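Raw query.txt, compact mmCIF, C-alpha atoms:
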```
# COMPACT_ATOMS: atom_id res chain seq x y z
CA MET A 87 10.25 -10.44 1.92
CA GLN A 88 7.99 -10.54 -1.13
CA ASP A 89 8.61 -8.13 -3.99
CA ILE A 90 5.51 -6.46 -5.51
CA ASN A 91 6.09 -5.01 -8.99
CA ILE A 92 4.18 -1.78 -9.58
CA ALA A 93 3.30 0.13 -12.73
CA LEU A 94 2.37 3.78 -12.23
CA ILE A 95 0.19 5.44 -14.86
CA GLY A 96 0.81 9.19 -14.69
CA GLY A 97 4.00 11.00 -13.76
CA GLY A 98 2.63 14.34 -12.56
CA PHE A 99 1.96 15.68 -9.08
CA MET A 100 0.18 12.56 -7.86
CA GLY A 101 2.78 10.35 -9.52
CA LYS A 102 5.42 12.07 -7.42
CA ALA A 103 3.40 11.49 -4.24
CA HIS A 104 2.86 7.80 -5.02
CA SER A 105 6.52 7.27 -5.97
CA LEU A 106 7.67 8.78 -2.69
CA ALA A 107 5.29 6.53 -0.77
CA TYR A 108 6.57 3.33 -2.40
CA ALA A 109 10.19 4.29 -1.81
CA ALA A 110 9.70 5.32 1.81
CA MET A 111 7.14 2.79 3.06
CA PRO A 112 9.67 0.10 4.10
CA MET A 113 11.76 2.77 5.86
CA PHE A 114 8.81 3.52 8.14
CA PHE A 115 6.93 0.21 8.37
CA TRP A 116 9.57 -2.40 9.13
CA PRO A 117 9.50 -5.26 8.62
CA ALA A 118 7.40 -4.20 5.65
CA PRO A 119 4.59 -6.48 4.44
CA ALA A 120 6.24 -6.40 1.01
CA ARG A 121 8.89 -4.51 -0.90
CA PRO A 122 7.22 -2.24 -3.51
CA ILE A 123 9.31 -2.33 -6.68
CA ARG A 124 8.95 0.77 -8.84
CA LYS A 125 9.03 -1.16 -12.09
CA THR A 126 7.42 0.96 -14.85
CA VAL A 127 6.08 4.50 -15.04
CA VAL A 128 3.84 5.56 -17.93
CA ASP A 129 3.21 9.03 -19.32
CA VAL A 130 1.88 10.44 -22.57
CA THR A 131 5.19 11.35 -24.24
CA GLU A 132 8.68 9.89 -24.29
CA GLU A 133 10.07 13.01 -22.65
CA LEU A 134 7.54 13.06 -19.81
CA ALA A 135 7.83 9.32 -19.19
CA SER A 136 11.64 9.22 -19.20
CA THR A 137 11.82 12.28 -16.95
CA ALA A 138 9.40 10.68 -14.48
CA ALA A 139 11.46 7.47 -14.45
CA ASP A 140 14.70 9.35 -13.75
CA ARG A 141 13.21 11.74 -11.23
CA PHE A 142 11.03 9.31 -9.27
CA GLY A 143 13.27 6.22 -9.37
CA TRP A 144 11.41 3.86 -11.70
CA GLU A 145 13.34 1.10 -13.46
CA ARG A 146 11.82 1.76 -16.86
CA TYR A 147 9.20 3.82 -18.63
CA ALA A 148 6.53 3.49 -21.31
CA THR A 149 4.21 5.76 -23.25
CA SER A 150 1.29 3.33 -23.46
CA TRP A 151 -0.61 2.07 -20.45
CA GLN A 152 -1.64 -1.01 -22.45
CA GLU A 153 2.01 -2.07 -22.36
CA VAL A 154 1.97 -2.59 -18.59
CA ILE A 155 -1.41 -4.33 -18.73
CA ASP A 156 0.17 -6.88 -21.06
CA ASP A 157 3.31 -7.22 -18.91
CA PRO A 158 3.04 -10.46 -16.86
CA THR A 159 5.66 -9.23 -14.38
CA ILE A 160 3.46 -6.33 -13.16
CA ASP A 161 1.45 -7.10 -10.01
CA VAL A 162 -0.16 -3.74 -9.31
CA VAL A 163 -1.43 -0.97 -11.59
CA ASP A 164 -1.53 2.44 -9.89
CA ILE A 165 -3.70 4.98 -11.74
CA ALA A 166 -2.78 8.65 -11.25
CA THR A 167 -4.27 10.07 -14.44
CA PRO A 168 -7.06 12.56 -15.17
CA ASN A 169 -10.43 11.15 -14.17
CA HIS A 170 -11.80 10.19 -17.59
CA LEU A 171 -9.08 7.56 -18.04
CA HIS A 172 -9.65 5.75 -14.73
CA ALA A 173 -12.34 3.29 -15.80
CA GLU A 174 -10.73 1.97 -18.98
CA ILE A 175 -7.36 1.41 -17.33
CA ALA A 176 -8.74 -0.08 -14.10
CA ILE A 177 -11.06 -2.51 -15.88
CA ALA A 178 -8.28 -3.70 -18.20
CA ALA A 179 -5.91 -4.13 -15.25
CA ALA A 180 -8.44 -6.14 -13.25
CA GLU A 181 -9.24 -8.34 -16.23
CA ALA A 182 -5.49 -9.03 -16.51
CA GLY A 183 -5.49 -10.18 -12.85
CA LYS A 184 -3.63 -7.16 -11.48
CA HIS A 185 -4.41 -5.36 -8.24
CA VAL A 186 -5.56 -1.78 -8.79
CA ILE A 187 -4.98 1.47 -6.92
CA CYS A 188 -6.84 4.49 -8.30
CA GLU A 189 -6.76 8.16 -7.44
CA LYS A 190 -9.97 9.89 -6.45
CA PRO A 191 -12.64 10.45 -7.53
CA LEU A 192 -12.92 6.85 -8.66
CA ALA A 193 -14.52 7.91 -11.96
CA PRO A 194 -16.29 10.88 -13.56
CA SER A 195 -19.65 9.16 -13.06
CA ALA A 196 -21.21 6.63 -10.73
CA ALA A 197 -21.95 4.40 -13.73
CA ASP A 198 -18.24 4.19 -14.58
CA ALA A 199 -17.38 3.64 -10.91
CA LYS A 200 -19.83 0.72 -10.83
CA ARG A 201 -18.17 -0.81 -13.91
CA MET A 202 -14.80 -0.56 -12.15
CA LEU A 203 -16.20 -2.15 -8.99
CA ASP A 204 -17.77 -5.00 -10.97
CA ALA A 205 -14.44 -5.64 -12.73
CA VAL A 206 -12.34 -5.96 -9.57
CA GLU A 207 -15.00 -8.11 -7.89
CA ARG A 208 -15.12 -10.49 -10.86
CA ALA A 209 -11.32 -10.70 -10.91
CA GLY A 210 -10.94 -11.11 -7.14
CA VAL A 211 -8.13 -8.56 -6.97
CA VAL A 212 -7.39 -5.99 -4.29
CA SER A 213 -8.73 -2.53 -5.08
CA ALA A 214 -8.04 0.78 -3.35
CA VAL A 215 -9.22 4.32 -3.97
CA ALA A 216 -6.78 6.95 -2.75
CA PHE A 217 -8.73 8.97 -0.21
CA ASN A 218 -5.51 9.47 1.70
CA TYR A 219 -6.74 12.11 4.16
CA ARG A 220 -8.42 9.43 6.28
CA ARG A 221 -4.87 8.07 6.80
CA THR A 222 -3.84 11.21 8.73
CA PRO A 223 -3.06 9.90 12.24
CA ALA A 224 -5.26 12.54 13.90
CA VAL A 225 -8.21 11.46 11.74
CA ALA A 226 -7.56 7.81 12.61
CA LEU A 227 -7.43 8.87 16.28
CA ALA A 228 -10.82 10.56 15.90
CA LYS A 229 -12.16 7.28 14.49
CA LYS A 230 -10.70 5.41 17.49
CA TYR A 231 -12.43 7.76 19.95
CA ILE A 232 -15.73 7.40 18.08
CA ASP A 233 -15.52 3.60 17.94
CA GLU A 234 -14.72 3.48 21.67
CA GLY A 235 -17.82 5.55 22.42
CA ALA A 236 -15.85 8.46 23.85
CA ILE A 237 -18.19 11.05 22.35
CA GLY A 238 -21.33 8.92 22.60
CA THR A 239 -23.95 8.87 19.87
CA ILE A 240 -23.05 11.20 17.02
CA LEU A 241 -25.58 13.96 16.45
CA ASN A 242 -23.89 16.35 14.02
CA PHE A 243 -21.07 16.47 11.46
CA ARG A 244 -19.78 19.64 9.79
CA GLY A 245 -17.09 19.26 7.15
CA THR A 246 -15.33 21.65 4.79
CA TYR A 247 -12.72 21.60 2.06
CA LEU A 248 -11.81 25.18 1.14
CA GLN A 249 -9.10 26.15 -1.37
CA ASP A 250 -7.93 29.27 -3.18
CA TRP A 251 -5.45 27.89 -5.73
CA SER A 252 -7.92 28.56 -8.55
CA ALA A 253 -9.86 31.50 -7.10
CA ASP A 254 -8.23 33.83 -9.63
CA PRO A 255 -10.36 33.77 -12.83
CA ASP A 256 -7.21 34.40 -14.88
CA SER A 257 -5.53 31.17 -13.80
CA PRO A 258 -5.44 28.55 -16.58
CA LEU A 259 -8.13 26.14 -17.71
CA SER A 260 -6.91 22.95 -16.03
CA TRP A 261 -8.54 19.66 -17.01
CA ARG A 262 -10.16 19.86 -13.56
CA PHE A 263 -12.47 22.57 -14.93
CA GLN A 264 -13.69 20.49 -17.89
CA LYS A 265 -16.64 18.14 -17.44
CA LYS A 266 -15.63 15.75 -20.25
CA ILE A 267 -12.41 14.98 -18.35
CA ALA A 268 -13.16 15.62 -14.67
CA GLY A 269 -16.86 14.73 -14.49
CA SER A 270 -17.53 17.42 -11.89
CA GLY A 271 -15.63 20.25 -10.25
CA ALA A 272 -15.32 21.04 -6.56
CA VAL A 273 -17.86 18.32 -5.72
CA GLY A 274 -15.81 15.42 -7.10
CA ASP A 275 -12.31 16.84 -6.78
CA ILE A 276 -12.30 18.08 -3.19
CA GLY A 277 -15.81 17.59 -1.82
CA SER A 278 -15.43 13.84 -2.29
CA HIS A 279 -12.68 13.89 0.35
CA VAL A 280 -15.11 15.37 2.89
CA VAL A 281 -17.74 12.82 1.88
CA ASP A 282 -15.19 10.06 2.49
CA LEU A 283 -14.33 11.47 5.93
CA ALA A 284 -18.03 11.73 6.80
CA ARG A 285 -18.65 8.11 5.79
CA TYR A 286 -15.52 6.91 7.59
CA LEU A 287 -16.29 8.70 10.85
CA VAL A 288 -20.09 8.92 11.03
CA GLY A 289 -21.65 6.46 8.57
CA GLU A 290 -23.71 6.39 5.41
CA ILE A 291 -25.39 9.49 4.05
CA SER A 292 -29.04 8.91 3.14
CA GLU A 293 -30.18 12.25 1.71
CA VAL A 294 -28.76 15.62 0.64
CA SER A 295 -30.01 19.12 -0.06
CA SER A 296 -27.48 21.18 -2.00
CA ILE A 297 -26.62 24.49 -3.59
CA VAL A 298 -24.10 23.98 -6.41
CA SER A 299 -22.66 26.98 -8.26
CA THR A 300 -20.13 27.95 -10.91
CA PHE A 301 -18.89 31.47 -10.25
CA ILE A 302 -15.95 31.50 -12.67
CA LYS A 303 -17.44 30.78 -16.10
CA ASP A 304 -14.28 30.78 -18.25
CA ARG A 305 -10.50 30.69 -17.96
CA PRO A 306 -7.44 31.21 -20.18
CA LEU A 307 -6.48 28.19 -22.27
CA GLN A 308 -3.27 26.48 -21.20
CA SER A 309 -0.25 27.11 -23.39
CA SER A 310 1.75 24.00 -22.42
CA GLY A 311 1.15 20.28 -22.04
CA PHE A 312 1.52 20.45 -18.27
CA ASP A 313 -1.58 20.77 -16.13
CA ALA A 314 -1.50 24.10 -14.30
CA LEU A 315 -2.43 22.81 -10.85
CA GLY A 316 -1.98 25.72 -8.49
CA GLY A 317 -2.69 28.40 -11.05
CA SER A 318 0.76 29.95 -10.80
CA VAL A 319 0.99 30.70 -14.53
CA LYS A 320 -1.50 33.29 -15.80
CA SER A 321 -2.44 34.19 -19.35
CA ASP A 322 -4.42 36.92 -21.09
CA GLY A 323 -4.86 34.82 -24.24
CA PRO A 324 -7.93 32.96 -25.54
CA ARG A 325 -10.33 31.66 -22.93
CA GLY A 326 -12.30 28.42 -22.66
CA GLU A 327 -15.55 27.54 -20.91
CA VAL A 328 -15.61 26.20 -17.34
CA ASP A 329 -18.50 23.73 -17.33
CA VAL A 330 -18.13 22.25 -13.84
CA ASP A 331 -18.99 23.56 -10.39
CA ASP A 332 -16.58 25.52 -8.20
CA GLU A 333 -18.79 25.84 -5.11
CA SER A 334 -21.01 23.38 -3.25
CA VAL A 335 -22.86 23.59 0.06
CA SER A 336 -24.94 20.61 1.23
CA LEU A 337 -27.12 19.72 4.15
CA VAL A 338 -26.90 15.98 4.79
CA LYS A 339 -28.83 13.34 6.69
CA PHE A 340 -27.12 10.16 7.85
CA ARG A 341 -28.85 6.77 7.90
CA ASP A 342 -28.23 6.41 11.65
CA GLY A 343 -30.01 9.69 12.47
CA ALA A 344 -27.18 12.24 12.57
CA VAL A 345 -27.38 15.44 10.54
CA GLY A 346 -24.73 17.71 9.12
CA SER A 347 -23.28 19.83 6.36
CA ILE A 348 -20.55 19.53 3.75
CA GLU A 349 -18.98 22.51 1.97
CA ALA A 350 -16.45 22.52 -0.86
CA THR A 351 -15.15 25.60 -2.64
CA ARG A 352 -12.27 26.71 -4.86
CA ASN A 353 -13.03 30.38 -4.20
CA ALA A 354 -11.87 30.80 -0.59
CA TRP A 355 -9.05 33.36 -0.68
CA GLY A 356 -6.64 32.69 2.18
CA ARG A 357 -7.54 29.01 2.48
CA ASN A 358 -4.87 26.69 1.14
CA ASN A 359 -5.84 23.10 1.92
CA PHE A 360 -8.45 23.78 4.56
CA ILE A 361 -10.00 20.40 5.30
CA THR A 362 -11.92 20.46 8.56
CA PHE A 363 -14.54 18.53 10.45
CA GLU A 364 -16.38 19.10 13.69
CA ILE A 365 -18.32 16.22 15.19
CA HIS A 366 -20.70 16.56 18.14
CA GLY A 367 -21.94 13.60 20.14
CA THR A 368 -23.97 13.06 23.27
CA GLU A 369 -20.77 12.67 25.33
CA GLY A 370 -18.35 15.07 23.66
CA SER A 371 -16.99 16.73 20.55
CA ILE A 372 -14.04 16.37 18.15
CA VAL A 373 -12.56 19.05 15.89
CA PHE A 374 -9.87 18.62 13.21
CA ASN A 375 -8.13 21.01 10.80
CA TYR A 376 -5.81 19.41 8.23
CA GLU A 377 -3.62 22.50 8.12
CA ASN A 378 -2.70 21.53 11.73
CA ARG A 379 -2.27 17.85 10.97
CA ASP A 380 -0.64 16.83 14.25
CA GLU A 381 -3.53 18.11 16.36
CA LEU A 382 -6.95 16.84 17.35
CA GLN A 383 -9.22 19.04 19.48
CA VAL A 384 -11.42 17.12 21.92
CA ALA A 385 -13.97 18.04 24.60
CA PHE A 386 -15.84 15.62 26.85
CA LYS A 387 -19.11 16.08 28.73
CA ASN A 388 -17.80 14.46 31.91
CA ASP A 389 -14.85 16.84 32.34
CA PRO A 390 -15.15 18.85 35.58
CA SER A 391 -17.09 22.07 35.01
CA ASP A 392 -14.06 24.21 35.85
CA ARG A 393 -12.01 22.39 33.18
CA ARG A 394 -14.61 21.86 30.50
CA GLY A 395 -13.58 22.97 27.02
CA PHE A 396 -11.48 21.88 24.08
CA ARG A 397 -8.03 20.44 24.70
CA THR A 398 -5.37 19.58 22.12
CA VAL A 399 -4.13 16.03 21.67
CA TYR A 400 -0.94 15.78 19.60
CA THR A 401 -0.44 12.65 17.56
CA GLY A 402 2.71 10.62 18.10
CA PRO A 403 3.98 7.12 18.91
CA SER A 404 0.97 6.18 21.06
CA THR A 405 -1.67 7.15 18.48
CA PRO A 406 -2.69 5.31 15.27
CA TYR A 407 0.23 4.61 12.90
CA GLY A 408 2.47 6.54 15.29
CA ASP A 409 4.83 3.72 16.17
CA ALA A 410 5.91 3.55 12.50
CA LEU A 411 6.35 7.27 11.95
CA TRP A 412 8.22 9.67 14.24
CA PRO A 413 9.37 9.07 17.85
CA ILE A 414 8.21 12.42 19.28
CA PRO A 415 4.62 13.74 19.32
CA ALA A 416 3.98 16.80 17.12
CA LEU A 417 7.28 16.37 15.30
CA GLY A 418 5.39 16.90 12.05
CA ILE A 419 3.07 14.84 9.85
CA GLY A 420 2.88 15.79 6.19
CA TYR A 421 0.99 14.89 3.04
CA GLY A 422 3.72 12.38 2.22
CA GLU A 423 3.12 10.38 5.38
CA THR A 424 -0.55 9.87 4.50
CA LYS A 425 0.54 8.37 1.18
CA ILE A 426 3.16 6.19 2.90
CA ILE A 427 0.47 4.80 5.22
CA GLU A 428 -1.77 4.24 2.20
CA ALA A 429 0.98 2.25 0.44
CA TYR A 430 1.49 0.16 3.59
CA GLU A 431 -2.21 -0.72 3.86
CA VAL A 432 -2.39 -1.72 0.19
CA MET A 433 0.76 -3.88 0.29
CA LYS A 434 -0.46 -5.54 3.49
CA ALA A 435 -3.82 -6.42 1.89
CA ILE A 436 -2.16 -7.86 -1.20
CA VAL A 437 0.29 -10.05 0.74
CA GLU A 438 -2.21 -11.25 3.35
CA GLY A 439 -4.99 -11.87 0.84
CA GLY A 440 -7.31 -9.42 2.54
CA SER A 441 -8.92 -6.14 1.60
CA VAL A 442 -8.21 -2.48 2.17
CA ARG A 443 -10.56 0.41 2.87
CA PRO A 444 -11.48 2.57 1.14
CA ASP A 445 -11.87 0.19 -1.79
CA PHE A 446 -13.77 0.49 -5.07
CA ALA A 447 -17.07 -0.17 -3.25
CA ASP A 448 -16.35 2.91 -1.15
CA GLY A 449 -15.36 4.85 -4.26
CA TYR A 450 -18.64 3.88 -5.92
CA GLN A 451 -20.70 4.87 -2.86
CA THR A 452 -18.93 8.24 -2.75
CA ALA A 453 -19.72 8.70 -6.46
CA LEU A 454 -23.41 8.04 -5.71
CA ILE A 455 -23.35 10.72 -3.01
CA ASP A 456 -21.54 13.18 -5.31
CA GLU A 457 -24.17 12.64 -8.00
CA ALA A 458 -26.96 13.17 -5.47
CA ILE A 459 -25.33 16.48 -4.46
CA LEU A 460 -25.18 17.58 -8.11
CA GLU A 461 -28.76 16.47 -8.75
CA SER A 462 -30.02 18.32 -5.68
CA GLY A 463 -28.12 21.39 -6.86
CA ARG A 464 -30.00 21.18 -10.18
CA THR A 465 -33.47 20.60 -8.72
CA GLY A 466 -33.30 22.41 -5.38
CA LEU A 467 -34.87 19.35 -3.74
CA TRP A 468 -33.81 16.91 -1.05
CA THR A 469 -32.31 14.00 -2.99
CA PRO A 470 -31.99 10.43 -1.67
CA VAL A 471 -28.71 8.53 -1.96
CA PRO A 472 -28.81 4.88 -3.07
CA GLU A 473 -26.70 2.58 -0.92
CA HIS A 474 -24.46 -0.13 -2.32
CA PRO A 475 -24.58 -3.05 0.17
CA ARG A 476 -20.82 -3.62 0.11
CA ALA A 477 -20.00 -0.03 1.02
CA ARG A 478 -20.89 -0.52 4.69
```
Give the structure from this file in structure tokens form.
Amino acid sequence: MQDINIALIGGGFMGKAHSLAYAAMPMFFWPAPARPIRKTVVDVTEELASTAADRFGWERYATSWQEVIDDPTIDVVDIATPNHLHAEIAIAAAEAGKHVICEKPLAPSAADAKRMLDAVERAGVVSAVAFNYRRTPAVALAKKYIDEGAIGTILNFRGTYLQDWSADPDSPLSWRFQKKIAGSGAVGDIGSHVVDLARYLVGEISEVSSIVSTFIKDRPLQSSGFDALGGSVKSDGPRGEVDVDDESVSLVKFRDGAVGSIEATRNAWGRNNFITFEIHGTEGSIVFNYENRDELQVAFKNDPSDRRGFRTVYTGPSTPYGDALWPIPALGIGYGETKIIEAYEVMKAIVEGGSVRPDFADGYQTALIDEAILESGRTGLWTPVPEHPRAR
């Protein structure tokens, strides 16, 4: 079995998720396409980097991402940093001939995302953008039903991503609330996941009409070097400006004729990680709620009239990815499993010389849609979305 040496840039929350995936992937997918070797983890200080190495099982650590770019033994660079660092690291990695995995959104702007796409295409390396929610087995099952024609021609898509972890205006000013680092707010951070699901399940979005708002205008400055994801630590000290959106509602048109809506908010008290979609077709409907990850709700036109309505299908061994996960349906799929599946798909593409979706072309197309949503929010007009030919 081939060993693939990985360097992880960023030892925070996403670094933990990626480290778990590399360690566990061969335990689930066996024989594995390759053995991911957790070679080097990089963080901004010696303390953070060494702690990440010890905690997440990496062989060594560094405090400079350039060090792993220059390391000829590294095969893959995995970027789990704040958004504004993605482009520089990814382009350098590709130019060094290394495969690149990058967290979402691909970049703070579509222009940077295009530079990243151009770099991996020139280098001929595998690229992947970590929209892991499409790896949820129930979502993959929805895709299977759609591709088989089980719900006919799609007419309507409604998607949401609702959260409350930052609904309190006294929770700290994370980098996610700063345009110079994040690029955008709810649109890029969580709305991009719904955009990815819409593209994956329905097709390309051609036009958007959006309302984009910022309800919380300032927040307390953080008092430590750790990003306060989750907002559990509050402060009544000095406050800084929030210059990104925290609410977005969009009407969307798809190129194949379907219509729909996409909503993303950080202000939904009581909603934790509420990712949903409802898809209606000429022959049936599909409903999914990520907070019930093992379940897919389906209804079909041709069901007898006395039995027509939504039924629950539980994912398990007979559904996508199920034979590699757990032997009993509804035993429990978590966030970690979606990252494990993601790691499997990337390793498989590298070893077999193929590609993986979503790749940087998909990340760039999503960035174009995100920018159209923001532009429509500014102008109040329907805004067309350019289409990159490789995103299809």
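If you measure from each of A:Arg357, A:Arg141, A:His104, A:Arg221 to Ile427 in chain A using all atoms listed in the file, the closest one turns out to be A:Arg221.
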- Could you state the separation of CA of Ile276 in chain A and CA of Trp144 in chain A in Å, given to one decimal place? 28.9 Å
- Message: Residues within 8 Å of Arg220 in chain A, please, as a ChimeraX atom specification. Count all atoms listed in the file; anything in the same chain fewer than 2 positions from it doesn't count.
- Response: /A:217-218,222,225-226,282-283,286
- Might you pull out every residue within 7 Å of Lys125 in chain A, with all atoms listed in the file counted and same-chain residues fewer than 3 positions away left off, and present them as JSON, numbers by chain? {"A": [91, 92, 93, 144, 145, 146]}
- Who sits within 7 Å of Trp355 in chain A, all atoms listed in the file, same chain under 2 positions skipped, as a PyMOL selection string: chain A and resi 250+253+353+357
Preceding selection exported with C-alpha atoms as a JSON list (two decimals), in the coordinates of the input:
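Output below, filename part.json:
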```json
[["chain", "number", "residue", "atom", "x", "y", "z"],
["A", 250, "ASP", "CA", -7.93, 29.27, -3.18],
["A", 253, "ALA", "CA", -9.86, 31.50, -7.10],
["A", 353, "ASN", "CA", -13.03, 30.38, -4.20],
["A", 357, "ARG", "CA", -7.54, 29.01, 2.48]]
```
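The list of residues with at least one atom within 12 Å of Gly439 in chain A, based on all atoms listed in the file and without residues fewer than 2 positions apart in the same chain, reads Pro119, His185, Gly210, Val211, Val212, Ser213, Glu431, Val432, Met433, Lys434, Ala435, Ile436, Val437, Ser441 and Val442 of chain A.
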- Task: Select, from A:Ala166, A:Val338, A:Val294, A:Val399, the residue with the minimum atom-to-atom distance to Phe99 in chain A, counting all atoms listed in the file.
- Result: A:Ala166
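Counting from CA of Ile348 in chain A, the distance to CA of Thr362 in chain A is 9.9 Å.
Proximity of A:Leu382, A:Met111, A:Ile165, A:Ala209 to Asp129 in chain A, computed with all atoms listed in the file, is greatest for A:Ile165.
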- Pick the closest to Lys266 in chain A from A:Gly402, A:Pro168, A:Pro306, A:Pro223: which is it, counting all atoms listed in the file? A:Pro168
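For the choices A:Ala173, A:Ala199, A:Ala103, A:Ile455, the atom-to-atom distance to Val280 in chain A is smallest for A:Ile455 when using all atoms listed in the file.
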